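As provided, protein-v9.pdb (PDB, C-alpha atoms) reads as follows.
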MODEL        1
ATOM      1  CA  SER A   1      -4.636   9.809 -12.700  1.00  0.00           C
ATOM      2  CA  GLY A   2      -4.902  12.544 -10.085  1.00  0.00           C
ATOM      3  CA  LEU A   3      -7.159  10.673  -7.644  1.00  0.00           C
ATOM      4  CA  SER A   4      -6.137  10.408  -4.018  1.00  0.00           C
ATOM      5  CA  LEU A   5      -7.492   8.510  -1.044  1.00  0.00           C
ATOM      6  CA  VAL A   6      -6.406   7.069   2.269  1.00  0.00           C
ATOM      7  CA  ALA A   7      -5.447   3.461   1.633  1.00  0.00           C
ATOM      8  CA  GLU A   8      -3.571   0.600   3.228  1.00  0.00           C
ATOM      9  CA  LEU A   9      -0.747  -0.929   1.199  1.00  0.00           C
ATOM     10  CA  SER A  10       0.732  -4.311   2.069  1.00  0.00           C
ATOM     11  CA  VAL A  11       3.724  -6.242   0.782  1.00  0.00           C
ATOM     12  CA  TRP A  12       3.272 -10.017   0.666  1.00  0.00           C
ATOM     13  CA  VAL A  13       6.020 -12.612   0.204  1.00  0.00           C
ATOM     14  CA  ASN A  14       5.189 -16.323  -0.015  1.00  0.00           C
ATOM     15  CA  ASN A  15       1.563 -15.667   1.046  1.00  0.00           C
ATOM     16  CA  LYS A  16       2.702 -13.873   4.212  1.00  0.00           C
ATOM     17  CA  ARG A  17       2.206 -10.160   4.822  1.00  0.00           C
ATOM     18  CA  ILE A  18       5.581  -8.743   5.755  1.00  0.00           C
ATOM     19  CA  GLU A  19       4.629  -5.068   5.988  1.00  0.00           C
ATOM     20  CA  LYS A  20       1.582  -2.829   5.870  1.00  0.00           C
ATOM     21  CA  ARG A  21       1.231   0.926   5.911  1.00  0.00           C
ATOM     22  CA  THR A  22      -1.799   3.212   5.863  1.00  0.00           C
ATOM     23  CA  GLY A  23      -1.777   6.727   4.482  1.00  0.00           C
ATOM     24  CA  SER A  24      -2.435   9.001   1.561  1.00  0.00           C
ATOM     25  CA  MET A  25      -2.130   7.323  -1.843  1.00  0.00           C
ATOM     26  CA  LEU A  26      -2.195   9.043  -5.210  1.00  0.00           C
ATOM     27  CA  TRP A  27      -3.058   7.448  -8.559  1.00  0.00           C
ATOM     28  CA  THR A  28      -0.773   8.940 -11.231  1.00  0.00           C
ATOM     29  CA  HIS A  29      -0.094   8.580 -14.951  1.00  0.00           C
ATOM     30  CA  PHE A  30       2.733   6.137 -14.117  1.00  0.00           C
ATOM     31  CA  GLY A  31       1.069   4.142 -11.305  1.00  0.00           C
ATOM     32  CA  ILE A  32       0.691   4.977  -7.630  1.00  0.00           C
ATOM     33  CA  SER A  33       2.543   7.467  -5.472  1.00  0.00           C
ATOM     34  CA  GLY A  34       2.027   9.440  -2.287  1.00  0.00           C
ATOM     35  CA  PRO A  35       3.425   8.972   1.204  1.00  0.00           C
ATOM     36  CA  VAL A  36       2.079   5.431   1.740  1.00  0.00           C
ATOM     37  CA  ALA A  37       3.473   4.188  -1.589  1.00  0.00           C
ATOM     38  CA  MET A  38       6.847   5.779  -0.903  1.00  0.00           C
ATOM     39  CA  ASP A  39       6.927   4.350   2.620  1.00  0.00           C
ATOM     40  CA  ILE A  40       6.348   0.783   1.498  1.00  0.00           C
ATOM     41  CA  SER A  41       8.206   0.819  -1.822  1.00  0.00           C
ATOM     42  CA  GLY A  42      11.626   0.191  -0.295  1.00  0.00           C
ATOM     43  CA  ASN A  43      10.415  -3.032   1.276  1.00  0.00           C
ATOM     44  CA  TRP A  44       8.900  -4.214  -2.026  1.00  0.00           C
ATOM     45  CA  ILE A  45      12.064  -3.289  -3.954  1.00  0.00           C
ATOM     46  CA  ARG A  46      14.319  -5.010  -1.405  1.00  0.00           C
ATOM     47  CA  HIS A  47      12.368  -8.274  -1.724  1.00  0.00           C
ATOM     48  CA  GLU A  48      12.206  -7.994  -5.516  1.00  0.00           C
ATOM     49  CA  PHE A  49      15.994  -7.510  -5.590  1.00  0.00           C
ATOM     50  CA  GLN A  50      16.387 -10.640  -3.411  1.00  0.00           C
ATOM     51  CA  GLY A  51      14.261 -12.631  -5.911  1.00  0.00           C
ATOM     52  CA  ASP A  52      11.351 -13.154  -3.489  1.00  0.00           C
ATOM     53  CA  SER A  53       8.573 -12.201  -5.990  1.00  0.00           C
ATOM     54  CA  PRO A  54       6.780  -9.783  -3.640  1.00  0.00           C
ATOM     55  CA  LYS A  55       3.136  -8.864  -4.204  1.00  0.00           C
ATOM     56  CA  LEU A  56       1.633  -5.441  -3.540  1.00  0.00           C
ATOM     57  CA  GLN A  57      -1.930  -5.322  -2.216  1.00  0.00           C
ATOM     58  CA  VAL A  58      -4.130  -2.294  -1.559  1.00  0.00           C
ATOM     59  CA  ASN A  59      -7.084  -1.888   0.778  1.00  0.00           C
ATOM     60  CA  LEU A  60      -9.036   0.991  -0.772  1.00  0.00           C
ATOM     61  CA  LEU A  61     -11.067   1.385   2.428  1.00  0.00           C
ATOM     62  CA  GLY A  62      -8.106   2.063   4.700  1.00  0.00           C
ATOM     63  CA  SER A  63      -7.802  -0.670   7.286  1.00  0.00           C
ATOM     64  CA  GLU A  64     -11.359  -2.005   7.063  1.00  0.00           C
ATOM     65  CA  SER A  65     -11.632  -5.808   7.314  1.00  0.00           C
ATOM     66  CA  PHE A  66     -13.419  -8.263   5.023  1.00  0.00           C
ATOM     67  CA  GLU A  67     -16.112  -8.792   7.662  1.00  0.00           C
ATOM     68  CA  GLN A  68     -16.682  -5.056   8.194  1.00  0.00           C
ATOM     69  CA  THR A  69     -16.906  -4.404   4.460  1.00  0.00           C
ATOM     70  CA  GLU A  70     -19.287  -7.285   3.824  1.00  0.00           C
ATOM     71  CA  LYS A  71     -21.478  -6.152   6.748  1.00  0.00           C
ATOM     72  CA  TRP A  72     -21.565  -2.637   5.246  1.00  0.00           C
ATOM     73  CA  LEU A  73     -22.759  -4.071   1.916  1.00  0.00           C
ATOM     74  CA  LEU A  74     -25.382  -6.276   3.585  1.00  0.00           C
ATOM     75  CA  ASP A  75     -26.668  -3.426   5.788  1.00  0.00           C
ATOM     76  CA  SER A  76     -26.797  -1.107   2.772  1.00  0.00           C
ATOM     77  CA  THR A  77     -28.745  -3.726   0.815  1.00  0.00           C
ATOM     78  CA  ALA A  78     -31.283  -3.987   3.638  1.00  0.00           C
ATOM     79  CA  GLU A  79     -31.672  -0.185   3.673  1.00  0.00           C
ATOM     80  CA  ASN A  80     -32.019   0.287  -0.086  1.00  0.00           C
ATOM     81  CA  HIS A  81     -31.921  -2.855  -2.219  1.00  0.00           C
ATOM     82  CA  ALA A  82     -32.573  -0.853  -5.425  1.00  0.00           C
ATOM     83  CA  LYS A  83     -29.432   1.277  -5.087  1.00  0.00           C
ATOM     84  CA  SER A  84     -26.633   0.336  -7.476  1.00  0.00           C
ATOM     85  CA  ILE A  85     -23.438  -1.152  -6.112  1.00  0.00           C
ATOM     86  CA  GLY A  86     -21.476   1.481  -8.054  1.00  0.00           C
ATOM     87  CA  ARG A  87     -23.307   4.368  -6.377  1.00  0.00           C
ATOM     88  CA  LEU A  88     -22.819   2.824  -2.960  1.00  0.00           C
ATOM     89  CA  VAL A  89     -19.104   2.162  -3.451  1.00  0.00           C
ATOM     90  CA  GLY A  90     -18.774   5.683  -4.892  1.00  0.00           C
ATOM     91  CA  GLU A  91     -19.700   7.011  -1.455  1.00  0.00           C
ATOM     92  CA  ARG A  92     -16.473   5.497  -0.081  1.00  0.00           C
ATOM     93  CA  ILE A  93     -13.930   5.850  -2.907  1.00  0.00           C
ATOM     94  CA  PRO A  94     -13.627   8.327  -5.809  1.00  0.00           C
ATOM     95  CA  LYS A  95     -16.250   7.642  -8.474  1.00  0.00           C
ATOM     96  CA  PRO A  96     -13.776   7.288 -11.377  1.00  0.00           C
ATOM     97  CA  LEU A  97     -12.014   4.634  -9.326  1.00  0.00           C
ATOM     98  CA  VAL A  98     -15.313   2.730  -8.956  1.00  0.00           C
ATOM     99  CA  SER A  99     -15.593   2.452 -12.749  1.00  0.00           C
ATOM    100  CA  ALA A 100     -11.973   1.385 -13.144  1.00  0.00           C
ATOM    101  CA  LEU A 101     -12.307  -1.178 -10.338  1.00  0.00           C
ATOM    102  CA  ALA A 102     -15.505  -2.624 -11.812  1.00  0.00           C
ATOM    103  CA  GLU A 103     -13.871  -2.944 -15.228  1.00  0.00           C
ATOM    104  CA  TYR A 104     -10.734  -4.518 -13.740  1.00  0.00           C
ATOM    105  CA  LEU A 105     -12.835  -7.045 -11.801  1.00  0.00           C
ATOM    106  CA  SER A 106     -15.269  -7.608 -14.709  1.00  0.00           C
ATOM    107  CA  LEU A 107     -18.199  -6.529 -12.525  1.00  0.00           C
ATOM    108  CA  GLU A 108     -21.205  -4.371 -13.380  1.00  0.00           C
ATOM    109  CA  PRO A 109     -21.401  -1.195 -11.265  1.00  0.00           C
ATOM    110  CA  SER A 110     -25.015  -0.521 -12.275  1.00  0.00           C
ATOM    111  CA  GLN A 111     -26.233  -3.784 -10.711  1.00  0.00           C
ATOM    112  CA  SER A 112     -28.648  -3.179  -7.851  1.00  0.00           C
ATOM    113  CA  LEU A 113     -27.641  -4.259  -4.373  1.00  0.00           C
ATOM    114  CA  GLY A 114     -30.684  -6.513  -4.078  1.00  0.00           C
ATOM    115  CA  THR A 115     -29.647  -8.586  -7.098  1.00  0.00           C
ATOM    116  CA  LEU A 116     -26.049  -9.234  -6.064  1.00  0.00           C
ATOM    117  CA  SER A 117     -25.229 -12.882  -5.526  1.00  0.00           C
ATOM    118  CA  LYS A 118     -23.137 -13.783  -2.497  1.00  0.00           C
ATOM    119  CA  GLU A 119     -20.146 -14.461  -4.766  1.00  0.00           C
ATOM    120  CA  THR A 120     -20.514 -11.153  -6.641  1.00  0.00           C
ATOM    121  CA  ARG A 121     -20.820  -9.274  -3.343  1.00  0.00           C
ATOM    122  CA  ARG A 122     -17.653 -10.951  -2.101  1.00  0.00           C
ATOM    123  CA  GLN A 123     -15.842 -10.124  -5.364  1.00  0.00           C
ATOM    124  CA  TRP A 124     -16.607  -6.464  -4.662  1.00  0.00           C
ATOM    125  CA  VAL A 125     -15.405  -6.843  -1.064  1.00  0.00           C
ATOM    126  CA  ARG A 126     -12.153  -8.520  -2.147  1.00  0.00           C
ATOM    127  CA  GLY A 127     -11.661  -5.879  -4.832  1.00  0.00           C
ATOM    128  CA  LEU A 128     -12.080  -3.097  -2.301  1.00  0.00           C
ATOM    129  CA  ILE A 129      -9.867  -4.467   0.443  1.00  0.00           C
ATOM    130  CA  GLU A 130      -7.585  -7.111  -1.130  1.00  0.00           C
ATOM    131  CA  LEU A 131      -6.792  -5.666  -4.556  1.00  0.00           C
ATOM    132  CA  CYS A 132      -3.489  -6.982  -5.864  1.00  0.00           C
ATOM    133  CA  LEU A 133      -1.684  -4.246  -7.790  1.00  0.00           C
ATOM    134  CA  PRO A 134       0.616  -5.496 -10.543  1.00  0.00           C
ATOM    135  CA  VAL A 135       4.036  -3.890 -10.213  1.00  0.00           C
ATOM    136  CA  HIS A 136       5.880  -3.711 -13.512  1.00  0.00           C
ATOM    137  CA  GLU A 137       8.824  -1.653 -12.304  1.00  0.00           C
ATOM    138  CA  HIS A 138       9.929   0.993  -9.843  1.00  0.00           C
ATOM    139  CA  ARG A 139      10.910   4.470 -11.003  1.00  0.00           C
ATOM    140  CA  GLY A 140      14.598   4.032 -10.271  1.00  0.00           C
ATOM    141  CA  TRP A 141      17.403   6.110  -8.886  1.00  0.00           C
ATOM    142  CA  ASN A 142      16.508   9.377 -10.641  1.00  0.00           C
ATOM    143  CA  HIS A 143      13.127   9.539  -8.908  1.00  0.00           C
ATOM    144  CA  ALA A 144      14.127   8.068  -5.537  1.00  0.00           C
ATOM    145  CA  GLU A 145      13.119   9.961  -2.393  1.00  0.00           C
ATOM    146  CA  VAL A 146      15.231   7.805  -0.076  1.00  0.00           C
ATOM    147  CA  THR A 147      17.966   5.306  -0.813  1.00  0.00           C
ATOM    148  CA  SER A 148      18.874   2.199   1.137  1.00  0.00           C
ATOM    149  CA  GLY A 149      22.239   0.900   2.158  1.00  0.00           C
ATOM    150  CA  GLY A 150      25.241   2.473   3.786  1.00  0.00           C
ATOM    151  CA  VAL A 151      27.306   1.874   6.879  1.00  0.00           C
ATOM    152  CA  PRO A 152      25.652  -0.808   9.049  1.00  0.00           C
ATOM    153  CA  LEU A 153      24.300   0.598  12.322  1.00  0.00           C
ATOM    154  CA  ASN A 154      26.053  -2.139  14.325  1.00  0.00           C
ATOM    155  CA  GLU A 155      29.376  -0.559  13.248  1.00  0.00           C
ATOM    156  CA  ILE A 156      28.448   2.775  14.869  1.00  0.00           C
ATOM    157  CA  LYS A 157      28.501   3.765  18.547  1.00  0.00           C
ATOM    158  CA  PRO A 158      24.863   4.828  19.124  1.00  0.00           C
ATOM    159  CA  LYS A 159      25.592   7.634  21.619  1.00  0.00           C
ATOM    160  CA  THR A 160      28.277   9.409  19.591  1.00  0.00           C
ATOM    161  CA  PHE A 161      27.873   8.103  16.008  1.00  0.00           C
ATOM    162  CA  GLU A 162      31.597   7.293  16.008  1.00  0.00           C
ATOM    163  CA  SER A 163      32.710   4.366  13.888  1.00  0.00           C
ATOM    164  CA  LYS A 164      33.602   1.264  15.896  1.00  0.00           C
ATOM    165  CA  LEU A 165      36.063   0.351  13.128  1.00  0.00           C
ATOM    166  CA  GLN A 166      37.805   3.711  12.586  1.00  0.00           C
ATOM    167  CA  PRO A 167      38.411   5.940  15.643  1.00  0.00           C
ATOM    168  CA  ASN A 168      37.552   9.640  15.269  1.00  0.00           C
ATOM    169  CA  LEU A 169      35.361   8.973  12.226  1.00  0.00           C
ATOM    170  CA  PHE A 170      31.778  10.115  12.885  1.00  0.00           C
ATOM    171  CA  LEU A 171      28.995   9.108  10.512  1.00  0.00           C
ATOM    172  CA  VAL A 172      25.500  10.570  10.378  1.00  0.00           C
ATOM    173  CA  GLY A 173      22.666  11.046   7.929  1.00  0.00           C
ATOM    174  CA  GLU A 174      21.954   8.939   4.898  1.00  0.00           C
ATOM    175  CA  ILE A 175      25.471   7.511   4.841  1.00  0.00           C
ATOM    176  CA  LEU A 176      24.093   5.155   7.524  1.00  0.00           C
ATOM    177  CA  ASP A 177      21.996   2.119   6.629  1.00  0.00           C
ATOM    178  CA  CYS A 178      18.673   3.367   7.948  1.00  0.00           C
ATOM    179  CA  ASP A 179      15.369   3.871   6.180  1.00  0.00           C
ATOM    180  CA  GLY A 180      12.876   6.244   7.720  1.00  0.00           C
ATOM    181  CA  ARG A 181       9.286   6.907   6.787  1.00  0.00           C
ATOM    182  CA  ILE A 182       8.565   9.673   4.302  1.00  0.00           C
ATOM    183  CA  GLY A 183       8.342  13.060   5.965  1.00  0.00           C
ATOM    184  CA  GLY A 184      11.927  13.947   6.802  1.00  0.00           C
ATOM    185  CA  PHE A 185      12.707  11.136   9.232  1.00  0.00           C
ATOM    186  CA  ASN A 186      15.946  10.236   7.445  1.00  0.00           C
ATOM    187  CA  PHE A 187      17.083  13.848   7.718  1.00  0.00           C
ATOM    188  CA  GLN A 188      16.865  13.511  11.496  1.00  0.00           C
ATOM    189  CA  TRP A 189      19.664  10.981  11.301  1.00  0.00           C
TER     190      TRP A 189
ENDMDL
END
Let's see the structure in the file written out as structure tokens.
Amino acid sequence: SGLSLVAELSVWVNNKRIEKRTGSMLWTHFGISGPVAMDISGNWIRHEFQGDSPKLQVNLLGSESFEQTEKWLLDSTAENHAKSIGRLVGERIPKPLVSALAEYLSLEPSQSLGTLSKETRRQWVRGLIELCLPVHEHRGWNHAEVTSGGVPLNEIKPKTFESKLQPNLFLVGEILDCDGRIGGFNFQW
């Protein structure tokens, strides 16, 4: 709780990534929060509501790829094979998160880089960039930053915001069915 980092969150449905966002993420006493979590949560909730069983995945190293992360571990091993994997990973993510990640993955953070098997190294890589976060629930209406739904945009004249169905009725703001990123974008409507 209280740790923050720049991370990439992705929503997956039927083994296909349907959205990804990168930004500031905060670990809290109730789960994750921060702009990136708020930005992507609506997509996850929408698919959950539709019965799609969405999965939430985090890349703790931002948008770094599997290949880049594995190369970093291999290069670091060549430079200092006696260094522990936990110390190395702690240079990239908050140290308390290293311990929690190691425990979650059943890995030993004190293991030296030079003694890591290929499979153990790849478990660390997958844990850092493909960590599936279990979602038990969302925080609901009382904690919502943005809501979805409203008057469909195809029922509005885009230049004037007048209803196509009811003359002289002008609709703006969150009464329209538009979801903007966190940061006041919906207010612009």
Neighbourhood query: residues within 10 Å of (23.9, -0.9, 6.0), file coordinates, counting only C-alpha atoms; return as a list in words. Ser148, Gly149, Gly150, Val151, Pro152, Leu153, Asn154, Glu155, Ile175, Leu176, Asp177, Cys178 and Asp179 of chain A
Close residues, Leu61 in chain A itself excluded, 9 Å, all atoms listed in the file, min 5 positions apart in chain, as a list in words: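 My list of contacting residues is Leu5, Val6, Ala7, Glu8, Thr69, Arg92, Ile93, Leu128 and Ile129 of chain A.
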From A:Leu74, A:Glu67, A:Glu108, A:His138, residue lying nearest Met38 in chain A [all atoms listed in the file]: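 Looking only at the distances to Met38 in chain A, the closest residue turns out to be A:His138.
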Specify as a PyMOL selection string each residue included when the PyMOL selection byres ((chain A and resi 107) around 10) is applied to this file. chain A and resi 85-86+99+101-106+108-111+120-121+123-124
Looking at all atoms listed in the file, which of A:Pro158, A:Gly90, A:Val98, A:Gly2 is the one that sits closest to Gly127 in chain A?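 Once distances to Gly127 in chain A are computed over all atoms listed in the file, the minimum belongs to A:Val98.
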Using only C-alpha atoms for the distances, tell me which of A:Gly51, A:Gly34, A:Gly114, A:Pro167 is nearest to Asp75 in chain A. A:Gly114
To one decimal place, how far is CA of Lys83 in chain A from CA of Gly62 in chain A in Å?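 About the pair CA of Lys83 in chain A and CA of Gly62 in chain A: they are 23.5 Å apart.
The shortest atom-to-atom distance to Asp52 in chain A, with all atoms listed in the file taken into account, belongs to A:Ile18 out of A:Ala37, A:Ile18, A:Ile32, A:Leu165.
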Please determine the residues with any atom at most 12 Å from (12.5, -2.3, -4.2) (coordinates as given in the file, with all atoms listed in the file counting) and report them as an mmCIF file with C-alpha atoms, keeping the file's coordinate frame.
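The resulting point-v2.cif:
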data_model
loop_
_atom_site.group_PDB
_atom_site.id
_atom_site.type_symbol
_atom_site.label_atom_id
_atom_site.label_comp_id
_atom_site.auth_asym_id
_atom_site.auth_seq_id
_atom_site.Cartn_x
_atom_site.Cartn_y
_atom_site.Cartn_z
ATOM 1 C CA VAL A 11 3.724 -6.242 0.782
ATOM 2 C CA ALA A 37 3.473 4.188 -1.589
ATOM 3 C CA MET A 38 6.847 5.779 -0.903
ATOM 4 C CA ASP A 39 6.927 4.350 2.620
ATOM 5 C CA ILE A 40 6.348 0.783 1.498
ATOM 6 C CA SER A 41 8.206 0.819 -1.822
ATOM 7 C CA GLY A 42 11.626 0.191 -0.295
ATOM 8 C CA ASN A 43 10.415 -3.032 1.276
ATOM 9 C CA TRP A 44 8.900 -4.214 -2.026
ATOM 10 C CA ILE A 45 12.064 -3.289 -3.954
ATOM 11 C CA ARG A 46 14.319 -5.010 -1.405
ATOM 12 C CA HIS A 47 12.368 -8.274 -1.724
ATOM 13 C CA GLU A 48 12.206 -7.994 -5.516
ATOM 14 C CA PHE A 49 15.994 -7.510 -5.590
ATOM 15 C CA GLN A 50 16.387 -10.640 -3.411
ATOM 16 C CA GLY A 51 14.261 -12.631 -5.911
ATOM 17 C CA ASP A 52 11.351 -13.154 -3.489
ATOM 18 C CA SER A 53 8.573 -12.201 -5.990
ATOM 19 C CA PRO A 54 6.780 -9.783 -3.640
ATOM 20 C CA LYS A 55 3.136 -8.864 -4.204
ATOM 21 C CA LEU A 56 1.633 -5.441 -3.540
ATOM 22 C CA VAL A 135 4.036 -3.890 -10.213
ATOM 23 C CA HIS A 136 5.880 -3.711 -13.512
ATOM 24 C CA GLU A 137 8.824 -1.653 -12.304
ATOM 25 C CA HIS A 138 9.929 0.993 -9.843
ATOM 26 C CA ARG A 139 10.910 4.470 -11.003
ATOM 27 C CA GLY A 140 14.598 4.032 -10.271
ATOM 28 C CA TRP A 141 17.403 6.110 -8.886
ATOM 29 C CA ALA A 144 14.127 8.068 -5.537
ATOM 30 C CA VAL A 146 15.231 7.805 -0.076
ATOM 31 C CA THR A 147 17.966 5.306 -0.813
ATOM 32 C CA SER A 148 18.874 2.199 1.137
#
Go through A:Val172, A:Ile182, A:Ile156, A:Leu3 and flag the residue nearest Arg21 in chain A, using all atoms listed in the file for the distances. A:Ile182
Of the candidates A:Ser63, A:Leu97, A:Leu116, A:Lys164, which one gets nearest to Thr77 in chain A if we count all atoms listed in the file? A:Leu116
